[in-house]
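Participant: Okay, so here is model-v9.cif, and as you'll see once you scroll down, it has mmCIF, C-alpha atoms.
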data_data
loop_
_atom_site.label_atom_id
_atom_site.label_comp_id
_atom_site.auth_asym_id
_atom_site.auth_seq_id
_atom_site.Cartn_x
_atom_site.Cartn_y
_atom_site.Cartn_z
CA MET A 1 -25.46 36.87 66.20
CA ALA A 2 -28.78 36.33 64.47
CA GLU A 3 -31.82 38.29 65.56
CA PRO A 4 -33.73 36.69 68.44
CA GLY A 5 -36.30 34.20 67.22
CA LEU A 6 -34.71 33.64 63.83
CA LEU A 7 -32.88 30.44 64.71
CA GLY A 8 -34.55 29.67 68.04
CA GLY A 9 -35.83 26.14 68.49
CA ARG A 10 -35.65 25.20 64.84
CA ARG A 11 -34.43 21.64 64.39
CA LEU A 12 -35.30 20.22 61.00
CA TYR A 13 -33.15 21.85 58.37
CA LEU A 14 -33.65 21.02 54.69
CA CYS A 15 -30.61 21.41 52.46
CA THR A 16 -31.54 21.07 48.81
CA PRO A 17 -30.07 21.62 45.37
CA ASP A 18 -32.06 23.61 42.84
CA ARG A 19 -34.86 21.75 41.05
CA PRO A 20 -37.52 22.73 38.53
CA ASP A 21 -40.33 22.50 41.11
CA LEU A 22 -38.34 24.31 43.82
CA GLU A 23 -41.24 26.39 45.19
CA ARG A 24 -43.69 23.51 45.34
CA PHE A 25 -41.04 21.26 46.87
CA LEU A 26 -40.10 23.77 49.58
CA ALA A 27 -43.74 24.45 50.43
CA ALA A 28 -44.39 20.71 50.77
CA CYS A 29 -41.35 20.17 53.01
CA ILE A 30 -42.31 23.12 55.22
CA ALA A 31 -45.89 21.84 55.47
CA GLY A 32 -44.45 18.52 56.66
CA GLY A 33 -42.38 20.08 59.43
CA VAL A 34 -39.15 21.49 57.96
CA ASP A 35 -38.41 24.73 59.84
CA LEU A 36 -35.15 25.92 58.23
CA VAL A 37 -34.14 25.85 54.55
CA GLN A 38 -30.83 26.03 52.70
CA LEU A 39 -30.27 26.14 48.95
CA ARG A 40 -27.00 24.41 48.08
CA GLU A 41 -26.44 24.51 44.36
CA LYS A 42 -22.89 24.05 43.15
CA HIS A 43 -23.64 23.95 39.42
CA LEU A 44 -25.05 27.40 38.73
CA GLU A 45 -23.21 30.58 37.87
CA ALA A 46 -23.83 33.61 40.08
CA ARG A 47 -26.61 35.20 38.03
CA PRO A 48 -28.91 32.17 37.69
CA LEU A 49 -28.11 31.14 41.27
CA LEU A 50 -29.16 34.57 42.47
CA ALA A 51 -32.48 34.23 40.65
CA ARG A 52 -33.19 30.83 42.21
CA ALA A 53 -32.12 32.02 45.66
CA ALA A 54 -34.52 34.96 45.37
CA VAL A 55 -37.35 32.56 44.50
CA ALA A 56 -36.56 30.35 47.49
CA ALA A 57 -36.14 33.32 49.83
CA ALA A 58 -39.54 34.73 48.88
CA LEU A 59 -41.27 31.36 49.31
CA CYS A 60 -39.66 30.78 52.72
CA ARG A 61 -40.47 34.30 53.87
CA ASP A 62 -44.14 33.72 53.00
CA HIS A 63 -44.06 30.56 55.13
CA GLY A 64 -42.23 32.13 58.07
CA VAL A 65 -39.19 29.90 57.72
CA PRO A 66 -35.64 31.31 57.58
CA PHE A 67 -33.80 30.77 54.30
CA LEU A 68 -30.03 30.41 53.96
CA LEU A 69 -27.91 30.24 50.86
CA ASN A 70 -24.87 27.98 50.72
CA ASP A 71 -21.41 29.43 50.25
CA ARG A 72 -22.24 32.86 48.75
CA PRO A 73 -22.76 35.66 51.29
CA ASP A 74 -22.75 38.23 48.49
CA LEU A 75 -25.65 36.53 46.70
CA ALA A 76 -27.41 35.86 50.02
CA LEU A 77 -27.39 39.61 50.61
CA GLU A 78 -28.78 40.37 47.16
CA ALA A 79 -31.44 37.63 47.36
CA GLU A 80 -32.56 38.90 50.79
CA ALA A 81 -31.82 35.56 52.41
CA ASP A 82 -31.84 35.32 56.20
CA GLY A 83 -28.30 34.07 56.18
CA VAL A 84 -25.59 31.95 54.68
CA HIS A 85 -24.02 28.58 55.39
CA VAL A 86 -20.31 28.23 54.74
CA GLY A 87 -18.04 25.21 54.66
CA GLN A 88 -14.47 24.97 55.87
CA ASP A 89 -13.15 25.84 52.40
CA ASP A 90 -15.79 28.46 51.52
CA ALA A 91 -15.81 32.18 52.22
CA PRO A 92 -14.73 32.75 55.84
CA ALA A 93 -17.54 33.10 58.37
CA ALA A 94 -16.16 36.48 59.43
CA LEU A 95 -16.46 37.76 55.85
CA ALA A 96 -20.01 36.42 55.64
CA ARG A 97 -20.81 38.28 58.85
CA ARG A 98 -19.31 41.50 57.51
CA ILE A 99 -21.32 41.26 54.32
CA LEU A 100 -24.64 40.24 55.88
CA GLY A 101 -24.47 42.17 59.15
CA PRO A 102 -25.13 41.31 62.78
CA GLY A 103 -28.77 40.25 62.31
CA ALA A 104 -28.14 37.47 59.78
CA ILE A 105 -27.77 33.76 60.47
CA VAL A 106 -24.28 32.49 59.70
CA GLY A 107 -23.64 28.74 59.89
CA LEU A 108 -20.42 26.76 59.53
CA SER A 109 -19.75 23.12 58.64
CA THR A 110 -17.50 21.11 60.96
CA HIS A 111 -16.21 17.59 60.34
CA ALA A 112 -13.95 16.95 63.33
CA PRO A 113 -13.42 18.02 66.95
CA ALA A 114 -10.62 20.47 66.06
CA GLN A 115 -12.96 22.32 63.70
CA MET A 116 -15.68 22.35 66.36
CA GLN A 117 -13.22 23.88 68.83
CA ALA A 118 -12.05 26.46 66.29
CA SER A 119 -15.66 27.43 65.54
CA ARG A 120 -16.02 28.74 69.09
CA ASP A 121 -14.04 31.81 68.11
CA GLU A 122 -15.99 32.40 64.92
CA ALA A 123 -18.93 34.78 64.61
CA VAL A 124 -21.36 31.98 63.72
CA ASP A 125 -24.86 31.24 65.02
CA TYR A 126 -24.79 27.49 64.56
CA VAL A 127 -22.50 24.76 63.33
CA SER A 128 -23.24 21.59 61.45
CA ALA A 129 -21.52 18.35 62.40
CA GLY A 130 -21.02 15.45 60.05
CA PRO A 131 -21.58 13.77 57.76
CA VAL A 132 -22.09 10.97 60.25
CA VAL A 133 -22.07 8.49 57.39
CA PRO A 134 -20.51 8.97 53.92
CA THR A 135 -22.97 10.66 51.58
CA PRO A 136 -23.12 11.10 47.82
CA THR A 137 -23.84 14.81 48.29
CA LYS A 138 -20.31 15.24 49.72
CA PRO A 139 -18.19 12.94 47.56
CA GLY A 140 -14.80 11.98 48.97
CA ARG A 141 -15.64 12.93 52.54
CA PRO A 142 -15.58 9.98 54.94
CA GLY A 143 -18.26 9.63 57.58
CA THR A 144 -17.40 11.01 61.01
CA GLY A 145 -19.21 8.19 62.80
CA ILE A 146 -21.68 8.62 65.63
CA ASP A 147 -18.89 9.46 68.09
CA TYR A 148 -18.71 12.92 66.58
CA VAL A 149 -22.40 13.40 67.44
CA ARG A 150 -21.58 12.55 71.06
CA TYR A 151 -18.60 14.91 70.99
CA ALA A 152 -20.67 17.73 69.48
CA ALA A 153 -23.45 17.28 72.03
CA THR A 154 -21.11 17.90 74.94
CA HIS A 155 -18.52 20.28 73.48
CA ALA A 156 -20.42 22.68 71.26
CA ARG A 157 -21.48 25.98 72.76
CA ARG A 158 -23.80 26.74 69.88
CA PRO A 159 -26.71 24.87 68.30
CA VAL A 160 -25.42 21.88 66.34
CA PHE A 161 -27.16 20.47 63.30
CA ILE A 162 -26.23 16.85 62.65
CA THR A 163 -25.83 15.90 58.98
CA GLY A 164 -25.49 12.68 57.01
CA GLY A 165 -28.02 9.96 56.39
CA VAL A 166 -30.77 11.49 58.51
CA THR A 167 -33.95 9.41 58.10
CA PRO A 168 -36.89 8.50 60.35
CA ALA A 169 -35.02 5.28 61.17
CA SER A 170 -31.58 6.77 61.88
CA VAL A 171 -32.75 9.84 63.77
CA VAL A 172 -33.67 7.80 66.83
CA ASP A 173 -30.08 6.68 67.45
CA LEU A 174 -28.76 10.13 66.53
CA VAL A 175 -31.00 11.73 69.16
CA ARG A 176 -29.91 9.10 71.67
CA ALA A 177 -26.29 10.07 70.94
CA GLY A 178 -27.08 13.71 71.74
CA GLY A 179 -28.19 15.12 68.39
CA ARG A 180 -30.95 17.70 68.85
CA ARG A 181 -31.10 19.39 65.44
CA PHE A 182 -30.73 17.82 62.03
CA VAL A 183 -29.95 18.62 58.43
CA VAL A 184 -31.82 16.47 55.94
CA VAL A 185 -30.98 16.15 52.26
CA ARG A 186 -31.70 12.89 50.49
CA TRP A 187 -34.60 11.70 52.61
CA LEU A 188 -36.57 14.64 51.25
CA THR A 189 -34.96 15.34 47.89
CA GLU A 190 -35.04 11.80 46.51
CA GLY A 191 -38.54 10.58 47.28
CA ASP A 192 -42.01 11.26 46.00
CA ASP A 193 -44.41 13.12 48.27
CA PRO A 194 -41.93 15.30 50.19
CA GLU A 195 -44.66 16.53 52.53
CA ALA A 196 -45.43 13.01 53.73
CA ARG A 197 -41.73 12.20 54.05
CA ALA A 198 -41.05 15.41 55.97
CA ARG A 199 -43.96 14.68 58.30
CA LYS A 200 -42.71 11.16 58.94
CA LEU A 201 -39.21 12.44 59.76
CA ARG A 202 -40.56 15.25 61.94
CA GLN A 203 -42.70 12.80 63.91
CA ALA A 204 -39.75 10.45 64.37
CA LEU A 205 -37.57 13.36 65.53
CA ASP A 206 -40.13 14.78 67.95
CA GLY A 207 -40.88 11.29 69.26
CA ALA A 208 -37.19 10.59 69.85
CA LEU A 209 -36.76 13.92 71.66
CA GLU A 210 -39.76 13.19 73.87
CA ALA A 211 -38.42 9.72 74.64
CA CYS A 212 -35.17 11.37 75.67
CA ALA A 213 -37.04 13.79 77.89
CA ALA A 214 -38.95 10.92 79.49
CA GLN A 215 -35.66 9.46 80.69
CA THR A 216 -34.85 12.68 82.54
CA PRO A 217 -36.47 12.46 85.97
CA MET B 218 -25.01 37.87 82.99
CA ASP B 219 -25.26 36.42 79.51
CA VAL B 220 -26.19 32.87 78.59
CA VAL B 221 -27.10 31.27 75.28
CA ALA B 222 -30.54 29.71 74.88
CA ASN B 223 -31.10 27.76 71.68
CA GLY B 224 -28.27 29.68 70.10
CA GLU B 225 -29.50 33.10 71.09
CA ALA B 226 -27.79 35.36 73.61
CA VAL B 227 -30.05 36.11 76.58
CA THR B 228 -29.25 38.42 79.47
CA VAL B 229 -30.49 37.13 82.82
CA PRO B 230 -30.12 38.59 86.32
CA SER B 231 -27.16 37.20 88.23
CA GLY B 232 -28.29 34.31 90.41
CA ALA B 233 -31.03 33.35 87.93
CA THR B 234 -31.96 29.67 87.70
CA VAL B 235 -32.87 27.59 84.68
CA ALA B 236 -36.53 27.93 85.71
CA ASP B 237 -36.12 31.71 85.78
CA LEU B 238 -34.74 31.64 82.25
CA ILE B 239 -37.65 29.53 80.99
CA ALA B 240 -40.08 31.97 82.59
CA GLN B 241 -38.22 34.95 81.15
CA LEU B 242 -38.44 33.46 77.65
CA GLY B 243 -42.15 32.84 78.12
CA LEU B 244 -41.88 29.19 77.15
CA GLY B 245 -44.44 28.16 79.75
CA ALA B 246 -44.99 24.44 80.13
CA LYS B 247 -44.50 23.65 76.47
CA TRP B 248 -40.87 22.57 76.83
CA VAL B 249 -40.09 18.88 76.99
CA LEU B 250 -36.34 18.69 77.44
CA VAL B 251 -33.84 21.06 79.03
CA GLU B 252 -30.10 20.61 78.70
CA ARG B 253 -27.34 22.77 80.10
CA ASN B 254 -23.98 22.50 78.32
CA GLY B 255 -25.08 19.15 76.93
CA ASP B 256 -26.29 17.67 80.22
CA PRO B 257 -29.98 17.12 80.92
CA VAL B 258 -31.45 19.08 83.80
CA ALA B 259 -34.05 17.11 85.75
CA ARG B 260 -37.40 18.81 86.20
CA ALA B 261 -37.00 18.84 89.96
CA GLU B 262 -33.66 20.62 89.56
CA LEU B 263 -34.84 23.45 87.30
CA THR B 264 -35.54 25.84 90.16
CA ARG B 265 -32.32 24.89 91.97
CA THR B 266 -29.89 24.98 89.04
CA ARG B 267 -28.25 28.40 88.89
CA LEU B 268 -27.01 29.66 85.56
CA ARG B 269 -23.41 30.62 85.02
CA GLU B 270 -22.01 33.16 82.59
CA GLY B 271 -21.70 31.61 79.13
CA ASP B 272 -23.90 28.59 79.84
CA SER B 273 -25.46 27.09 76.73
CA LEU B 274 -29.05 25.91 77.10
CA GLU B 275 -30.91 23.62 74.75
CA LEU B 276 -34.63 24.00 75.28
CA VAL B 277 -36.69 21.49 73.33
CA ARG B 278 -40.30 22.50 73.01
CA ALA B 279 -43.17 20.18 72.32
CA VAL B 280 -44.40 20.56 68.76
CA ALA B 281 -48.13 20.46 68.28
CA GLY B 282 -49.08 18.50 65.20
CA GLY B 283 -46.67 18.93 62.33
#
Kindly return the structure encoded in the file as structure tokens.
Facilitator:
Amino acid sequence: MAEPGLLGGRRLYLCTPDRPDLERFLAACIAGGVDLVQLREKHLEARPLLARAAVAAALCRDHGVPFLLNDRPDLALEAEADGVHVGQDDAPAALARRILGPGAIVGLSTHAPAQMQASRDEAVDYVSAGPVVPTPTKPGRPGTGIDYVRYAATHARRPVFITGGVTPASVVDLVRAGGRRFVVVRWLTEGDDPEARARKLRQALDGALEACAAQTP
Amino acid sequence: MDVVANGEAVTVPSGATVADLIAQLGLGAKWVLVERNGDPVARAELTRTRLREGDSLELVRAVAGG
């Protein structure tokens, strides 16, 4: 499992493809409240991907935010990332753990209850659950619907990051359904002023969590 | 006895309560929401709710600013 404090109470997880202004973009998102970062770039060969991952890892380290690379534990090791996120069809989580060692963060995507159950036996630190709604970043994958958020909230025994269409507007209902941690892609990658957008999402998330707490006597 | 707090394994004395865990982690009064295996734990119950081996705790802390 990851070193204490690495994953902790982090709940706003940016997943981004590479972009020309990667460093500036990441710094802006972190300033706005992102507290975990993943680079997910499916269109680069290993060598250029490694270079971009190293850039992102260094920036995140300077800002005290863990950095994970998607899919490639070998490159995550070389880039000195804090961990790796793997999908159901990527390198097995156990292999990622063997490559990166006990102190790294290893995360796994889940899209259905059976995968959530199976993840209990995997050496992973967190799982993602979703996408709640269909998303262009995962073409061909149907949305799980909000019921999977409810399922995850009560059945997961690890931190769960909810993915798919996370915005300041949608996060309120997602928190109400039991979501406590969130992966954000398009809300931050597609707009101007990522810092302002991150801040708006962070405030909506924290507000929704506090509203939830207020309902607990 | 081992429990999981925000995804991290924590060893607590047997018989420890949720309040004991919060104290052990040094979270002070900054937490806003405590859930045990997905169920909220009321504030009044924190000192009465005993942890069990393998419990998973979600501890949401208040975030200052942003």
Participant: Give me, as a PDB file with C-alpha atoms, keeping the file's coordinate frame, all polymer residues having an atom no more than 7 Å from range 13-20 of chain A, counting only C-alpha atoms and skipping those fewer than 6 positions away in the same chain.
Facilitator:
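Below is the file selection-v6.pdb, written as the result:
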ATOM      1  CA  VAL A  34     -39.150  21.490  57.960  1.00  0.00           C
ATOM      2  CA  ASP A  35     -38.410  24.730  59.840  1.00  0.00           C
ATOM      3  CA  LEU A  36     -35.150  25.920  58.230  1.00  0.00           C
ATOM      4  CA  VAL A  37     -34.140  25.850  54.550  1.00  0.00           C
ATOM      5  CA  GLN A  38     -30.830  26.030  52.700  1.00  0.00           C
ATOM      6  CA  LEU A  39     -30.270  26.140  48.950  1.00  0.00           C
ATOM      7  CA  ARG A  40     -27.000  24.410  48.080  1.00  0.00           C
ATOM      8  CA  GLU A  41     -26.440  24.510  44.360  1.00  0.00           C
ATOM      9  CA  PHE A 182     -30.730  17.820  62.030  1.00  0.00           C
ATOM     10  CA  VAL A 183     -29.950  18.620  58.430  1.00  0.00           C
ATOM     11  CA  VAL A 184     -31.820  16.470  55.940  1.00  0.00           C
ATOM     12  CA  VAL A 185     -30.980  16.150  52.260  1.00  0.00           C
ATOM     13  CA  THR A 189     -34.960  15.340  47.890  1.00  0.00           C
TER      14      THR A 189
END
Participant: Give as a PDB file with C-alpha atoms, in the frame of the given file every residue, naming chains and numbers as the document does, that has an atom within 10 Å of (-22.0, 38.6, 82.1), counting only C-alpha atoms.
Facilitator:
ATOM      1  CA  MET B 218     -25.010  37.870  82.990  1.00  0.00           C
ATOM      2  CA  ASP B 219     -25.260  36.420  79.510  1.00  0.00           C
ATOM      3  CA  VAL B 220     -26.190  32.870  78.590  1.00  0.00           C
ATOM      4  CA  THR B 228     -29.250  38.420  79.470  1.00  0.00           C
ATOM      5  CA  VAL B 229     -30.490  37.130  82.820  1.00  0.00           C
ATOM      6  CA  PRO B 230     -30.120  38.590  86.320  1.00  0.00           C
ATOM      7  CA  SER B 231     -27.160  37.200  88.230  1.00  0.00           C
ATOM      8  CA  ARG B 269     -23.410  30.620  85.020  1.00  0.00           C
ATOM      9  CA  GLU B 270     -22.010  33.160  82.590  1.00  0.00           C
ATOM     10  CA  GLY B 271     -21.700  31.610  79.130  1.00  0.00           C
TER      11      GLY B 271
END
Participant: Check which residues satisfy the PyMOL selection byres ((chain B) within 9 of (chain A)) in the file shown, then give them as a PDB file with C-alpha atoms, in the coordinates of the input.
Facilitator:
ATOM      1  CA  VAL B 221     -27.100  31.270  75.280  1.00  0.00           C
ATOM      2  CA  ALA B 222     -30.540  29.710  74.880  1.00  0.00           C
ATOM      3  CA  ASN B 223     -31.100  27.760  71.680  1.00  0.00           C
ATOM      4  CA  GLY B 224     -28.270  29.680  70.100  1.00  0.00           C
ATOM      5  CA  GLU B 225     -29.500  33.100  71.090  1.00  0.00           C
ATOM      6  CA  ALA B 226     -27.790  35.360  73.610  1.00  0.00           C
ATOM      7  CA  VAL B 227     -30.050  36.110  76.580  1.00  0.00           C
ATOM      8  CA  VAL B 249     -40.090  18.880  76.990  1.00  0.00           C
ATOM      9  CA  LEU B 250     -36.340  18.690  77.440  1.00  0.00           C
ATOM     10  CA  VAL B 251     -33.840  21.060  79.030  1.00  0.00           C
ATOM     11  CA  ASN B 254     -23.980  22.500  78.320  1.00  0.00           C
ATOM     12  CA  GLY B 255     -25.080  19.150  76.930  1.00  0.00           C
ATOM     13  CA  ASP B 256     -26.290  17.670  80.220  1.00  0.00           C
ATOM     14  CA  PRO B 257     -29.980  17.120  80.920  1.00  0.00           C
ATOM     15  CA  VAL B 258     -31.450  19.080  83.800  1.00  0.00           C
ATOM     16  CA  ALA B 259     -34.050  17.110  85.750  1.00  0.00           C
ATOM     17  CA  ARG B 260     -37.400  18.810  86.200  1.00  0.00           C
ATOM     18  CA  ALA B 261     -37.000  18.840  89.960  1.00  0.00           C
ATOM     19  CA  GLY B 271     -21.700  31.610  79.130  1.00  0.00           C
ATOM     20  CA  ASP B 272     -23.900  28.590  79.840  1.00  0.00           C
ATOM     21  CA  SER B 273     -25.460  27.090  76.730  1.00  0.00           C
ATOM     22  CA  LEU B 274     -29.050  25.910  77.100  1.00  0.00           C
ATOM     23  CA  GLU B 275     -30.910  23.620  74.750  1.00  0.00           C
ATOM     24  CA  LEU B 276     -34.630  24.000  75.280  1.00  0.00           C
ATOM     25  CA  VAL B 277     -36.690  21.490  73.330  1.00  0.00           C
ATOM     26  CA  ARG B 278     -40.300  22.500  73.010  1.00  0.00           C
ATOM     27  CA  ALA B 279     -43.170  20.180  72.320  1.00  0.00           C
ATOM     28  CA  VAL B 280     -44.400  20.560  68.760  1.00  0.00           C
ATOM     29  CA  GLY B 282     -49.080  18.500  65.200  1.00  0.00           C
ATOM     30  CA  GLY B 283     -46.670  18.930  62.330  1.00  0.00           C
TER      31      GLY B 283
END
Participant: For the structure provided, state which residues fall under the PyMOL selection byres ((chain A and resi 74-84) around 8), and present them as a PDB file with C-alpha atoms, keeping the file's coordinate frame.
Facilitator:
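Contents of result.pdb, as written:
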ATOM      1  CA  ALA A  46     -23.830  33.610  40.080  1.00  0.00           C
ATOM      2  CA  LEU A  50     -29.160  34.570  42.470  1.00  0.00           C
ATOM      3  CA  ALA A  51     -32.480  34.230  40.650  1.00  0.00           C
ATOM      4  CA  ALA A  53     -32.120  32.020  45.660  1.00  0.00           C
ATOM      5  CA  ALA A  54     -34.520  34.960  45.370  1.00  0.00           C
ATOM      6  CA  ALA A  57     -36.140  33.320  49.830  1.00  0.00           C
ATOM      7  CA  PRO A  66     -35.640  31.310  57.580  1.00  0.00           C
ATOM      8  CA  PHE A  67     -33.800  30.770  54.300  1.00  0.00           C
ATOM      9  CA  LEU A  68     -30.030  30.410  53.960  1.00  0.00           C
ATOM     10  CA  LEU A  69     -27.910  30.240  50.860  1.00  0.00           C
ATOM     11  CA  ASN A  70     -24.870  27.980  50.720  1.00  0.00           C
ATOM     12  CA  ASP A  71     -21.410  29.430  50.250  1.00  0.00           C
ATOM     13  CA  ARG A  72     -22.240  32.860  48.750  1.00  0.00           C
ATOM     14  CA  PRO A  73     -22.760  35.660  51.290  1.00  0.00           C
ATOM     15  CA  HIS A  85     -24.020  28.580  55.390  1.00  0.00           C
ATOM     16  CA  VAL A  86     -20.310  28.230  54.740  1.00  0.00           C
ATOM     17  CA  ALA A  96     -20.010  36.420  55.640  1.00  0.00           C
ATOM     18  CA  ILE A  99     -21.320  41.260  54.320  1.00  0.00           C
ATOM     19  CA  LEU A 100     -24.640  40.240  55.880  1.00  0.00           C
ATOM     20  CA  ALA A 104     -28.140  37.470  59.780  1.00  0.00           C
ATOM     21  CA  ILE A 105     -27.770  33.760  60.470  1.00  0.00           C
ATOM     22  CA  VAL A 106     -24.280  32.490  59.700  1.00  0.00           C
ATOM     23  CA  GLY A 107     -23.640  28.740  59.890  1.00  0.00           C
TER      24      GLY A 107
END
Participant: Enclose the full set of atoms of range 223-241 of chain B listed in the file within a box whose edges lie along x, y and z, apply 3 Å of padding to each of the six sides, and report centre and edge lengths in Å to one decimal as JSON.
Facilitator:
{"center_x": -33.6, "center_y": 33.1, "center_z": 80.3, "size_x": 18.9, "size_y": 17.0, "size_z": 26.3}
Participant: What is the CA of Leu22 in chain A to CA of Asp89 in chain A distance in Å?
Facilitator: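 Between CA of Leu22 in chain A and CA of Asp89 in chain A the gap is 26.7 Å.
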Participant: A:His63, A:Gly164, A:Pro102, A:Ala208: which is nearest Gly130 in chain A, counting all atoms listed in the file?
Facilitator: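 Selected residue with least distance to Gly130 in chain A: A:Gly164.
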Participant: Which value, in Å to one decimal, gives the distance between CA of Arg24 in chain A and CA of Gly64 in chain A?
Facilitator: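 Between these atoms lies a distance of 15.4 Å.
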Participant: May I ask for the distance between CA of Val172 in chain A and CA of Leu238 in chain B, given in Å to one decimal place?
Facilitator: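 It comes out at 28.4 Å.
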Participant: For Ile146 in chain A, which residue among A:Glu195, A:Asp121, A:Asp173, A:Glu190 is the nearest when counting only C-alpha atoms?
Facilitator: A:Asp173
Participant: If we count only C-alpha atoms, what is near Leu268 in chain B at a cut-off of 7 Å, once residues fewer than 4 positions away on the same chain are taken out, given as a list in words?
Facilitator: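 The residues satisfying every condition are Gly232, Ala233, Thr234, Val235 and Asp272 of chain B.
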Participant: With all atoms listed in the file as the counted atoms, please give the residues lying no more than 10 Å from Pro142 in chain A, apart from itself and same-chain residues fewer than 4 positions off, as a short mmCIF file (atom, residue, chain, number, x, y, z; two decimals) with C-alpha atoms, in the frame of the given file.
Facilitator:
data_model
loop_
_atom_site.label_atom_id
_atom_site.label_comp_id
_atom_site.auth_asym_id
_atom_site.auth_seq_id
_atom_site.Cartn_x
_atom_site.Cartn_y
_atom_site.Cartn_z
CA HIS A 111 -16.21 17.59 60.34
CA GLY A 130 -21.02 15.45 60.05
CA PRO A 131 -21.58 13.77 57.76
CA VAL A 132 -22.09 10.97 60.25
CA VAL A 133 -22.07 8.49 57.39
CA PRO A 134 -20.51 8.97 53.92
CA THR A 135 -22.97 10.66 51.58
CA LYS A 138 -20.31 15.24 49.72
#
